[in-house]
$ cat work.csv   # CSV, C-alpha atoms
chain,number,residue,atom,x,y,z
A,1,PRO,CA,-1.4,2.3,15.6
A,2,GLU,CA,2.1,2.2,17.1
A,3,LEU,CA,0.7,0.1,20.0
A,4,TYR,CA,0.2,-2.8,17.6
A,5,GLU,CA,3.9,-2.6,16.8
A,6,VAL,CA,4.9,-2.4,20.5
A,7,LYS,CA,2.8,-5.4,21.3
A,8,LYS,CA,4.3,-7.4,18.5
A,9,VAL,CA,7.9,-6.5,19.3
A,10,PHE,CA,7.5,-7.1,23.0
A,11,GLN,CA,5.6,-10.4,22.8
A,12,ASN,CA,7.1,-13.3,24.8
A,13,ASP,CA,6.2,-16.1,22.4
A,14,ARG,CA,8.2,-16.4,19.2
A,15,VAL,CA,7.8,-18.4,16.0
A,16,ASP,CA,10.9,-19.0,13.8
A,17,ASP,CA,11.1,-20.5,10.3
A,18,ILE,CA,13.0,-23.7,10.2
A,19,ASP,CA,11.7,-25.1,6.9
A,20,ILE,CA,8.3,-23.5,6.5
A,21,ASN,CA,7.7,-25.2,3.1
A,22,GLN,CA,7.7,-28.5,5.0
A,23,GLY,CA,5.7,-27.0,7.9
A,24,LEU,CA,8.7,-27.0,10.3
A,25,VAL,CA,8.9,-24.1,12.7
A,26,SER,CA,10.4,-23.5,16.2
A,27,ILE,CA,8.4,-22.0,19.0
A,28,THR,CA,10.1,-20.2,21.9
A,29,ASN,CA,8.7,-19.3,25.3
A,30,ASN,CA,10.7,-16.2,26.2
A,31,ASN,CA,8.9,-15.7,29.5
A,32,TYR,CA,11.3,-15.8,32.5
A,33,VAL,CA,8.7,-17.2,35.0
A,34,SER,CA,5.5,-18.5,33.2
A,35,SER,CA,5.2,-21.8,31.4
A,36,SER,CA,3.2,-22.1,28.3
A,37,ASP,CA,0.4,-24.3,29.9
A,38,ASN,CA,-2.2,-21.5,29.6
A,39,ILE,CA,-1.5,-20.8,25.9
A,40,LEU,CA,-3.5,-22.1,22.9
A,41,ARG,CA,-1.5,-21.9,19.7
A,42,THR,CA,-3.4,-21.9,16.4
A,43,TRP,CA,-2.3,-21.4,12.7
A,44,LYS,CA,-3.9,-20.9,9.4
A,45,LEU,CA,-2.6,-21.2,5.8
A,46,LEU,CA,-3.4,-18.3,3.4
A,47,GLU,CA,-3.4,-18.7,-0.4
A,48,ASN,CA,-3.3,-15.2,-2.1
A,49,GLY,CA,-4.7,-13.8,1.1
A,50,ASN,CA,-7.6,-16.4,1.6
A,51,GLU,CA,-7.6,-19.0,4.3
A,52,ILE,CA,-7.4,-22.6,2.9
A,53,ALA,CA,-6.3,-24.6,5.9
A,54,ASN,CA,-5.9,-24.3,9.7
A,55,GLY,CA,-4.8,-26.2,12.8
A,56,GLN,CA,-3.5,-25.9,16.3
A,57,CYS,CA,-0.4,-27.0,18.2
A,58,ASP,CA,-2.0,-29.3,20.8
A,59,HIS,CA,-0.5,-30.3,24.2
A,60,LEU,CA,2.6,-28.1,23.8
A,61,SER,CA,3.9,-27.6,27.4
A,62,MET,CA,7.0,-25.4,27.5
A,63,ASP,CA,9.0,-24.2,30.5
A,64,PRO,CA,10.2,-20.6,30.6
A,65,GLN,CA,13.1,-19.8,28.3
A,66,THR,CA,12.8,-23.0,26.2
A,67,LYS,CA,12.3,-23.8,22.6
A,68,LYS,CA,10.7,-26.7,20.7
A,69,LEU,CA,10.6,-27.8,17.1
A,70,ILE,CA,7.1,-28.2,15.7
A,71,ASP,CA,5.8,-30.0,12.6
A,72,LEU,CA,2.5,-28.4,11.4
A,73,ASP,CA,1.8,-31.4,9.1
A,74,LEU,CA,0.9,-29.2,6.1
A,75,ASP,CA,-1.0,-30.8,3.3
A,76,LYS,CA,1.5,-30.2,0.5
A,77,SER,CA,-1.2,-31.0,-2.1
A,78,LEU,CA,-2.8,-27.6,-1.4
A,79,ILE,CA,0.2,-25.8,-2.7
A,80,ILE,CA,-0.2,-24.6,-6.4
A,81,THR,CA,2.8,-23.2,-8.2
A,82,GLY,CA,2.5,-19.5,-8.9
A,83,ASN,CA,0.3,-18.7,-5.9
A,84,GLU,CA,1.4,-16.8,-2.8
A,85,TYR,CA,1.2,-18.5,0.6
A,86,HIS,CA,1.6,-17.3,4.2
A,87,ILE,CA,1.0,-19.0,7.6
A,88,ASN,CA,-0.4,-16.9,10.3
A,89,PHE,CA,0.1,-17.9,13.9
A,90,SER,CA,-2.0,-16.7,16.8
A,91,PHE,CA,-1.5,-17.5,20.5
A,92,HIS,CA,-4.4,-17.0,23.0
A,93,LEU,CA,-5.0,-17.4,26.7
A,94,LYS,CA,-6.8,-20.6,27.6
A,95,GLU,CA,-8.0,-19.2,30.9
A,96,ALA,CA,-8.4,-15.7,32.2
A,97,THR,CA,-5.5,-14.1,34.2
A,98,LEU,CA,-5.3,-11.2,36.6
A,99,TRP,CA,-4.4,-8.9,33.6
A,100,ALA,CA,-6.5,-10.3,30.7
A,101,GLU,CA,-9.7,-12.2,29.8
A,102,LYS,CA,-9.9,-15.8,28.5
A,103,GLY,CA,-9.1,-15.9,24.8
A,104,TYR,CA,-6.9,-12.7,24.8
A,105,GLU,CA,-4.4,-12.8,22.0
A,106,VAL,CA,-0.9,-12.6,23.5
A,107,ALA,CA,1.3,-13.2,20.4
A,108,THR,CA,1.1,-13.4,16.6
A,109,GLU,CA,3.4,-14.2,13.7
A,110,GLN,CA,3.3,-14.4,9.9
A,111,ILE,CA,5.7,-16.4,7.9
A,112,ALA,CA,5.7,-16.6,4.1
A,113,LEU,CA,6.2,-19.9,2.3
A,114,ASP,CA,9.3,-19.8,0.1
A,115,TYR,CA,7.5,-19.9,-3.3
A,116,THR,CA,7.8,-17.2,-5.8
A,117,PRO,CA,4.3,-15.9,-6.8
A,118,ASN,CA,3.5,-15.1,-10.4
A,119,VAL,CA,3.4,-11.4,-11.1
A,120,LYS,CA,1.1,-11.3,-14.2
A,121,ALA,CA,2.2,-8.8,-16.8
A,122,PRO,CA,-0.7,-6.9,-18.5
A,123,GLN,CA,-1.9,-8.8,-21.6
A,124,ASN,CA,-2.6,-7.1,-24.9
A,125,PRO,CA,-6.4,-7.3,-25.3
A,126,THR,CA,-8.1,-8.7,-28.4
A,127,GLY,CA,-11.7,-8.4,-29.7
A,128,TYR,CA,-12.1,-4.8,-28.6
A,129,THR,CA,-12.8,-1.6,-30.6
A,130,ASP,CA,-9.7,-0.1,-32.1
A,131,LEU,CA,-8.3,2.8,-30.1
A,132,LYS,CA,-8.5,6.3,-31.6
A,133,LEU,CA,-6.1,9.1,-30.9
A,134,GLN,CA,-7.1,12.8,-31.1
A,135,GLU,CA,-4.6,15.7,-30.7
A,136,SER,CA,-5.3,19.3,-30.0
A,137,PRO,CA,-2.9,22.2,-29.0
A,138,LEU,CA,-3.7,21.4,-25.3
A,139,ALA,CA,-4.4,17.7,-25.0
A,140,LEU,CA,-3.9,14.2,-26.3
A,141,THR,CA,-7.1,12.1,-26.1
A,142,ILE,CA,-7.3,8.3,-26.5
A,143,THR,CA,-10.8,6.8,-27.0
A,144,GLY,CA,-11.9,3.2,-26.7
A,145,ASP,CA,-15.0,1.2,-26.1
A,146,GLN,CA,-16.9,3.0,-23.2
A,147,PHE,CA,-13.9,5.0,-22.1
A,148,SER,CA,-11.5,7.8,-23.0
A,149,LEU,CA,-8.3,9.2,-21.5
A,150,SER,CA,-6.8,12.6,-21.9
A,151,PHE,CA,-3.3,13.9,-21.3
A,152,CYS,CA,-2.5,17.6,-20.6
A,153,LYS,CA,0.3,18.8,-22.9
A,154,LYS,CA,1.1,21.8,-20.7
A,155,ARG,CA,1.7,19.8,-17.5
A,156,GLY,CA,2.6,16.4,-18.9
A,157,VAL,CA,0.0,14.5,-16.8
A,158,LEU,CA,-2.9,12.2,-17.2
A,159,ARG,CA,-5.8,14.6,-16.4
A,160,SER,CA,-9.0,12.7,-17.3
A,161,TYR,CA,-10.4,9.2,-17.4
A,162,ILE,CA,-14.0,8.9,-18.5
A,163,PHE,CA,-15.6,5.5,-18.1
A,164,GLN,CA,-19.2,4.9,-19.2
A,165,ARG,CA,-19.7,8.6,-19.5
A,166,GLU,CA,-18.6,9.3,-15.9
A,167,GLU,CA,-15.4,11.3,-15.1
A,168,LEU,CA,-13.3,9.2,-12.7
A,169,MET,CA,-10.5,11.8,-12.1
A,170,THR,CA,-11.4,15.0,-10.2
A,171,GLN,CA,-7.6,15.8,-10.0
A,172,PRO,CA,-4.9,14.6,-12.4
A,173,LEU,CA,-2.4,11.9,-11.8
A,174,SER,CA,0.6,14.0,-10.7
A,175,PRO,CA,4.1,13.1,-9.5
A,176,CYS,CA,4.3,13.5,-5.7
A,177,PHE,CA,7.4,13.8,-3.5
A,178,TRP,CA,5.8,15.2,-0.4
A,179,ARG,CA,3.8,14.1,2.6
A,180,VAL,CA,2.7,16.0,5.7
A,181,PRO,CA,5.5,15.9,8.2
A,182,THR,CA,5.2,13.8,11.3
A,183,ASP,CA,6.3,15.0,14.8
A,184,ASN,CA,9.6,13.1,14.3
A,185,ASP,CA,10.2,14.8,10.9
A,186,GLU,CA,10.0,18.2,12.7
A,187,GLY,CA,12.7,17.3,15.2
A,188,GLY,CA,16.1,19.0,14.8
A,189,GLY,CA,15.4,22.5,13.8
A,190,GLU,CA,17.1,23.5,10.5
A,191,LYS,CA,18.6,20.0,10.2
A,192,SER,CA,15.2,18.3,10.4
A,193,PHE,CA,13.7,16.5,7.4
A,194,ALA,CA,10.6,18.7,7.6
A,195,TYR,CA,12.6,21.9,7.5
A,196,ARG,CA,14.7,20.7,4.5
A,197,TRP,CA,11.6,19.5,2.6
A,198,ARG,CA,10.0,22.9,3.0
A,199,GLU,CA,13.1,24.8,2.1
A,200,ALA,CA,13.4,22.7,-1.1
A,201,GLY,CA,9.7,23.2,-1.8
A,202,LEU,CA,8.9,19.5,-2.2
A,203,ASP,CA,5.2,20.3,-1.9
A,204,GLN,CA,5.2,22.5,-5.0
A,205,TYR,CA,7.0,22.5,-8.3
A,206,ASN,CA,6.7,23.8,-11.9
A,207,THR,CA,6.7,21.6,-14.9
A,208,LEU,CA,9.0,22.8,-17.7
A,209,SER,CA,8.1,22.1,-21.3
A,210,PRO,CA,7.0,18.5,-21.3
A,211,LEU,CA,8.2,16.3,-24.1
A,212,ILE,CA,5.4,13.9,-25.3
A,213,LYS,CA,5.9,11.0,-27.8
A,214,VAL,CA,3.2,8.6,-29.1
A,215,LYS,CA,3.9,5.0,-30.0
A,216,TYR,CA,1.4,2.8,-31.8
A,217,VAL,CA,2.0,-0.7,-30.5
A,218,THR,CA,-1.1,-2.4,-32.1
A,219,SER,CA,-4.5,-1.1,-33.0
A,220,GLU,CA,-5.5,-2.0,-29.4
A,221,VAL,CA,-2.5,-0.6,-27.6
A,222,ILE,CA,-1.1,2.9,-27.7
A,223,GLY,CA,1.9,4.1,-25.8
A,224,ILE,CA,2.5,7.6,-24.5
A,225,SER,CA,6.0,8.6,-23.3
A,226,ILE,CA,6.2,11.8,-21.3
A,227,THR,CA,9.4,13.4,-20.1
A,228,ASN,CA,9.0,16.2,-17.5
A,229,GLN,CA,11.5,18.5,-15.9
A,230,LEU,CA,10.1,19.3,-12.5
A,231,GLN,CA,11.5,22.5,-11.1
A,232,PHE,CA,11.6,22.9,-7.3
A,233,LYS,CA,12.9,25.8,-5.2
A,234,SER,CA,16.3,24.2,-4.9
A,235,GLY,CA,16.8,21.6,-7.6
A,236,THR,CA,15.1,19.6,-10.3
A,237,ILE,CA,13.7,16.1,-10.8
A,238,LYS,CA,13.6,14.6,-14.3
A,239,GLN,CA,10.6,12.3,-14.7
A,240,LEU,CA,10.2,9.8,-17.6
A,241,THR,CA,6.8,8.0,-17.6
A,242,ASP,CA,5.6,5.4,-20.1
A,243,TYR,CA,1.8,4.9,-20.3
A,244,TYR,CA,0.4,2.0,-22.3
A,245,ILE,CA,-3.3,2.3,-22.8
A,246,ARG,CA,-5.1,-0.9,-23.8
A,247,ALA,CA,-8.4,-1.2,-25.6
A,248,ASN,CA,-10.0,-2.9,-22.5
A,249,GLY,CA,-9.4,0.3,-20.5
A,250,ALA,CA,-6.3,-0.8,-18.6
A,251,VAL,CA,-3.4,1.6,-18.3
A,252,SER,CA,0.1,0.4,-17.5
A,253,ILE,CA,2.4,3.1,-15.9
A,254,THR,CA,6.1,2.9,-15.5
A,255,SER,CA,8.1,5.8,-14.1
A,256,TYR,CA,11.7,6.7,-13.7
A,257,PHE,CA,13.0,9.7,-11.6
A,258,GLU,CA,16.4,11.3,-11.8
A,259,VAL,CA,16.8,13.4,-8.6
A,260,ASP,CA,19.1,16.5,-8.4
A,261,SER,CA,21.8,16.1,-5.8
A,262,GLN,CA,20.9,19.5,-4.4
A,263,LEU,CA,17.5,18.2,-3.2
A,264,PRO,CA,17.3,16.6,0.3
A,265,PRO,CA,16.2,13.0,0.9
A,266,LEU,CA,12.7,12.9,-0.5
A,267,ALA,CA,9.7,12.4,1.7
A,268,ARG,CA,8.0,10.1,-0.8
A,269,VAL,CA,8.2,9.1,-4.5
A,270,GLY,CA,5.0,8.3,-6.4
A,271,PHE,CA,1.8,9.8,-7.7
A,272,ASN,CA,-1.4,11.2,-6.4
A,273,PHE,CA,-4.8,11.8,-7.9
A,274,ALA,CA,-8.4,12.3,-6.8
A,275,LEU,CA,-11.6,10.4,-7.5
A,276,PRO,CA,-15.2,11.6,-6.9
A,277,LYS,CA,-16.2,11.3,-3.3
A,278,SER,CA,-18.7,8.6,-4.2
A,279,PHE,CA,-15.6,6.2,-4.4
A,280,ASN,CA,-15.8,5.6,-0.7
A,281,GLN,CA,-15.2,1.8,-0.3
A,282,LEU,CA,-11.7,0.2,-0.2
A,283,GLN,CA,-10.3,-3.3,-0.5
A,284,TRP,CA,-6.7,-4.3,-0.7
A,285,TYR,CA,-4.3,-7.3,-0.7
A,286,GLY,CA,-1.2,-6.4,1.3
A,287,LYS,CA,-0.3,-5.5,4.9
A,288,GLY,CA,-3.1,-4.4,7.2
A,289,PRO,CA,-5.6,-3.9,8.5
A,290,PHE,CA,-4.2,-0.8,10.3
A,291,GLU,CA,-1.7,1.7,8.9
A,292,SER,CA,1.9,0.6,8.4
A,293,TYR,CA,5.2,2.2,7.2
A,294,ALA,CA,8.5,0.8,6.0
A,295,ASP,CA,9.9,1.2,9.5
A,296,ARG,CA,6.8,0.1,11.4
A,297,ASN,CA,5.1,-3.0,9.7
A,298,GLU,CA,6.2,-6.0,11.7
A,299,SER,CA,2.7,-6.2,13.3
A,300,ALA,CA,0.8,-5.7,10.0
A,301,PHE,CA,0.2,-9.0,8.2
A,302,VAL,CA,-0.3,-9.7,4.5
A,303,GLY,CA,-4.0,-10.4,3.8
A,304,ILE,CA,-7.1,-9.2,2.1
A,305,TYR,CA,-8.8,-6.3,3.9
A,306,SER,CA,-11.6,-3.9,3.3
A,307,GLY,CA,-13.1,-0.8,4.8
A,308,LYS,CA,-14.5,2.7,4.2
A,309,VAL,CA,-12.2,5.4,2.9
A,310,LYS,CA,-13.1,7.7,5.8
A,311,ASP,CA,-12.0,5.1,8.3
A,312,GLN,CA,-8.4,5.0,7.0
A,313,HIS,CA,-7.7,8.3,8.8
A,314,PHE,CA,-6.1,8.2,12.3
A,315,GLU,CA,-6.5,11.3,14.3
A,316,TYR,CA,-3.1,11.9,15.9
A,317,VAL,CA,-3.0,14.6,18.6
A,318,MET,CA,-1.0,16.8,16.2
A,319,PRO,CA,-2.4,16.4,12.6
A,320,GLN,CA,0.3,14.6,10.5
A,321,GLU,CA,0.9,11.8,8.0
A,322,ASN,CA,-1.2,8.7,8.7
A,323,GLY,CA,-3.0,5.8,7.1
A,324,ASN,CA,-0.3,4.4,4.8
A,325,LYS,CA,-0.4,0.7,3.8
A,326,THR,CA,2.7,-1.2,2.8
A,327,ASP,CA,3.6,-4.2,0.6
A,328,ILE,CA,0.4,-3.9,-1.5
A,329,ARG,CA,-0.2,-6.4,-4.3
A,330,TRP,CA,-3.5,-4.9,-5.5
A,331,MET,CA,-6.1,-2.4,-4.3
A,332,GLU,CA,-9.6,-1.5,-5.3
A,333,ILE,CA,-11.6,1.7,-4.7
A,334,LYS,CA,-15.3,1.2,-5.2
A,335,SER,CA,-18.1,3.7,-5.7
A,336,SER,CA,-21.6,3.7,-4.3
A,337,SER,CA,-22.9,3.0,-7.9
A,338,GLY,CA,-20.7,-0.1,-8.2
A,339,LYS,CA,-17.8,1.2,-10.3
A,340,CYS,CA,-14.4,0.1,-9.3
A,341,VAL,CA,-10.8,1.4,-9.9
A,342,ARG,CA,-8.2,-1.4,-9.5
A,343,ILE,CA,-4.5,-0.7,-9.1
A,344,THR,CA,-2.1,-3.6,-9.3
A,345,GLY,CA,1.6,-3.5,-8.4
A,346,GLN,CA,4.5,-4.9,-10.4
A,347,PRO,CA,5.1,-6.4,-7.9
A,348,MET,CA,4.2,-4.2,-4.9
A,349,PHE,CA,3.6,-0.6,-3.9
A,350,ASN,CA,2.4,1.6,-0.9
A,351,PHE,CA,-0.9,3.5,-0.9
A,352,ASN,CA,-2.7,6.0,1.2
A,353,VAL,CA,-6.4,6.7,0.5
A,354,GLN,CA,-8.2,9.4,2.4
A,355,ASP,CA,-11.2,11.7,2.0
A,356,TYR,CA,-9.1,14.8,2.2
A,357,SER,CA,-6.0,16.2,0.4
A,358,GLN,CA,-2.5,16.4,1.7
A,359,ARG,CA,-2.8,20.2,1.7
A,360,ALA,CA,-6.0,20.1,3.8
A,361,LEU,CA,-4.2,17.9,6.3
A,362,HIS,CA,-1.2,20.2,6.4
A,363,ASN,CA,-3.4,23.2,6.9
A,364,SER,CA,-5.1,21.5,9.9
A,365,LYS,CA,-1.7,21.5,11.7
A,366,THR,CA,-2.4,25.1,12.6
A,367,THR,CA,-6.2,25.2,12.7
A,368,HIS,CA,-6.7,21.6,13.9
A,369,GLN,CA,-9.8,21.6,11.7
A,370,LEU,CA,-9.5,19.1,8.9
A,371,VAL,CA,-11.7,19.7,5.9
A,372,ARG,CA,-12.9,16.3,4.7
A,373,GLY,CA,-15.3,14.6,2.3
A,374,ASP,CA,-14.9,16.6,-1.0
A,375,HIS,CA,-12.9,14.0,-2.9
A,376,THR,CA,-11.2,10.6,-2.5
$ encode --input "work.csv" --output "structure tokens"
Amino acid sequence: PELYEVKKVFQNDRVDDIDINQGLVSITNNNYVSSSDNILRTWKLLENGNEIANGQCDHLSMDPQTKKLIDLDLDKSLIITGNEYHINFSFHLKEATLWAEKGYEVATEQIALDYTPNVKAPQNPTGYTDLKLQESPLALTITGDQFSLSFCKKRGVLRSYIFQREELMTQPLSPCFWRVPTDNDEGGGEKSFAYRWREAGLDQYNTLSPLIKVKYVTSEVIGISITNQLQFKSGTIKQLTDYYIRANGAVSITSYFEVDSQLPPLARVGFNFALPKSFNQLQWYGKGPFESYADRNESAFVGIYSGKVKDQHFEYVMPQENGNKTDIRWMEIKSSSGKCVRITGQPMFNFNVQDYSQRALHNSKTTHQLVRGDHT
């Protein structure tokens, strides 16, 4: 996947935003010898990830090391306040060369229009069956129309979500601060990130006496606030998470983490959980289609992508972290029976969906045999 980034950073044709809302950009030919006569330049306008217009920059002849101002002649009537818009540029060879075939893509760019998209807050539902709360010494269970959720009192986590009599969670929604180290993480001996993560025990912690509070918002919304003290080998993290369960089955989750100064820089901050292996189809709106990370996502463009869960894995020579997606607005994981779990950011998040656990990937660093296919 790094090769996509190398190609993007090294490309010799550049597009810069002059006034993208008006369709004004500059195009630069950074080649030292070649003119742009053999380059076909096209663009397309995306609305919330879907193409709604396109065009091309015709008859644009540029000498080496020159720049030109271009007006894309955008149809402004297509722009609707509250939606999100991007323009994707793609440059292709008009004729074959000694090094590439006709039509080969030599450069790409994506520029976002300067409009603030609406981030829709969850709405309180109406017209549903009132939620019911049941409490036992070990669990809190909230039941609605065709679904129920259960929280584990001992661990302070959401441990079960049953929808239409099917359990969706094969492993609970748990705080996660670990990822399998990359080759770069291992560099530096005792000063490396990977060494410090292992010494701190970021991949395992104990939850000390969770504090759980219930808040009845309406008959169709129940709030659960959970405060956890997470004990690591060398430090603690205080986690405060608010869950708002709505009668339509939606759950809003907001988390705050207070990190002990004794802990090293964290590998990751978020949650992980597992679904049955039948949830094997994926769709998302964010950067893709290949993996991207905060320090490697210039080449990944915002769009709507889909694929199989098993295909998100990239087999690096040494097994390590892979498959992450950045700047995600929403994602859906679908099962072979048609059920779908949808996760929406407020406004964005990262995700990594695989058909194996982090522990299985980490174990394969020594055996090089990755156990896959038991869960999503």
$ atom_distance --input "work.csv" --atom1 "atom CA of Gln346 of chain A" --atom2 "atom CA of Pro122 of chain A"
9.8 Å
$ closest_residue --input "work.csv" --among "A:Tyr161, A:Asp63, A:Pro1, A:Asn83" --to "Glu315 of chain A" --atoms "all atoms listed in the file"
A:Pro1
$ closest_residue --input "work.csv" --among "A:Met318, A:Ala300, A:Ile237, A:Cys340" --to "Pro181 of chain A" --atoms "all atoms listed in the file"
A:Met318
$ residues_around --input "work.csv" --residues "Gly249 of chain A" --least-positions-apart "4" --cutoff "12 Å" --atoms "all atoms listed in the file" --output "number ranges by chain"
A: 122-125, 128-131, 142-149, 161-164, 220-222, 244-245, 341-342
$ closest_residue --input "work.csv" --among "A:Pro64, A:Leu78, A:Glu109, A:Leu230" --to "Ser34 of chain A" --atoms "only C-alpha atoms"
A:Pro64
$ residues_around --input "work.csv" --residues "Gly286 of chain A" --least-positions-apart "4" --cutoff "9 Å" --atoms "all atoms listed in the file" --output "PyMOL selection string"
chain A and resi 49+300-305+325-331+348
$ closest_residue --input "work.csv" --among "A:Asp73, A:Asn118, A:Phe177, A:Val217" --to "Phe257 of chain A" --atoms "only C-alpha atoms"
A:Phe177
$ closest_residue --input "work.csv" --among "A:Thr66, A:Thr108, A:Asn297, A:Thr116" --to "Pro347 of chain A" --atoms "all atoms listed in the file"
A:Thr116
$ residues_around --input "work.csv" --residues "Ser90 of chain A" --least-positions-apart "2" --cutoff "7 Å" --atoms "only C-alpha atoms" --output "list in words"
Arg41, Thr42, Trp43, Asn88, His92, Glu105, Ala107, Thr108 and Glu109 of chain A
$ closest_atom_pairs --input "work.csv" --of "segment 84-201 of chain A" --to "segment 265-284 of chain A" --cutoff "7 Å" --atoms "all atoms listed in the file" --output "Markdown table"
| residue | atom | partner | partner_atom | distance |
| --- | --- | --- | --- | --- |
| A:Leu168 | CA | A:Leu275 | CA | 5.6 |
| A:Met169 | CA | A:Leu275 | CA | 4.9 |
| A:Thr170 | CA | A:Ala274 | CA | 5.3 |
| A:Gln171 | CA | A:Ala274 | CA | 4.8 |
| A:Pro172 | CA | A:Phe273 | CA | 5.3 |
| A:Leu173 | CA | A:Phe273 | CA | 4.6 |
| A:Ser174 | CA | A:Phe271 | CA | 5.3 |
| A:Pro175 | CA | A:Phe271 | CA | 4.4 |
| A:Cys176 | CA | A:Phe271 | CA | 4.9 |
| A:Phe177 | CA | A:Arg268 | CA | 4.6 |
| A:Trp178 | CA | A:Ala267 | CA | 5.2 |
| A:Arg179 | CA | A:Ala267 | CA | 6.2 |
$ atom_distance --input "work.csv" --atom1 "atom CA of Gln22 of chain A" --atom2 "atom CA of Leu72 of chain A"
8.2 Å
$ atom_distance --input "work.csv" --atom1 "atom CA of Tyr356 of chain A" --atom2 "atom CA of Arg372 of chain A"
4.8 Å
$ closest_residue --input "work.csv" --among "A:Lys365, A:Lys120, A:Lys68, A:Lys215" --to "Leu133 of chain A" --atoms "all atoms listed in the file"
A:Lys215
$ decode --input "work.csv" --residues "segment 331-357 of chain A" --atoms "C-alpha atoms" --output "JSON list (two decimals), in the first residue's frame"
[["chain", "number", "residue", "atom", "x", "y", "z"],
["A", 331, "MET", "CA", -19.24, 2.48, 7.79],
["A", 332, "GLU", "CA", -21.52, -0.55, 7.47],
["A", 333, "ILE", "CA", -20.77, -4.21, 8.15],
["A", 334, "LYS", "CA", -23.30, -6.53, 6.51],
["A", 335, "SER", "CA", -24.04, -10.20, 7.11],
["A", 336, "SER", "CA", -24.88, -12.88, 4.58],
["A", 337, "SER", "CA", -28.46, -12.85, 5.93],
["A", 338, "GLY", "CA", -28.90, -9.15, 5.18],
["A", 339, "LYS", "CA", -28.44, -7.64, 8.65],
["A", 340, "CYS", "CA", -26.31, -4.52, 8.87],
["A", 341, "VAL", "CA", -24.42, -2.75, 11.66],
["A", 342, "ARG", "CA", -23.86, 0.93, 10.85],
["A", 343, "ILE", "CA", -21.36, 3.15, 12.69],
["A", 344, "THR", "CA", -21.44, 6.91, 12.14],
["A", 345, "GLY", "CA", -18.78, 9.39, 13.24],
["A", 346, "GLN", "CA", -19.36, 12.70, 14.99],
["A", 347, "PRO", "CA", -17.81, 13.80, 12.69],
["A", 348, "MET", "CA", -15.09, 11.25, 11.75],
["A", 349, "PHE", "CA", -13.18, 8.23, 13.01],
["A", 350, "ASN", "CA", -10.74, 5.50, 11.91],
["A", 351, "PHE", "CA", -11.62, 1.84, 11.64],
["A", 352, "ASN", "CA", -9.96, -1.49, 11.00],
["A", 353, "VAL", "CA", -12.13, -4.52, 10.20],
["A", 354, "GLN", "CA", -10.51, -7.94, 9.86],
["A", 355, "ASP", "CA", -11.47, -11.60, 10.11],
["A", 356, "TYR", "CA", -8.95, -12.16, 12.91],
["A", 357, "SER", "CA", -8.09, -10.66, 16.29]]
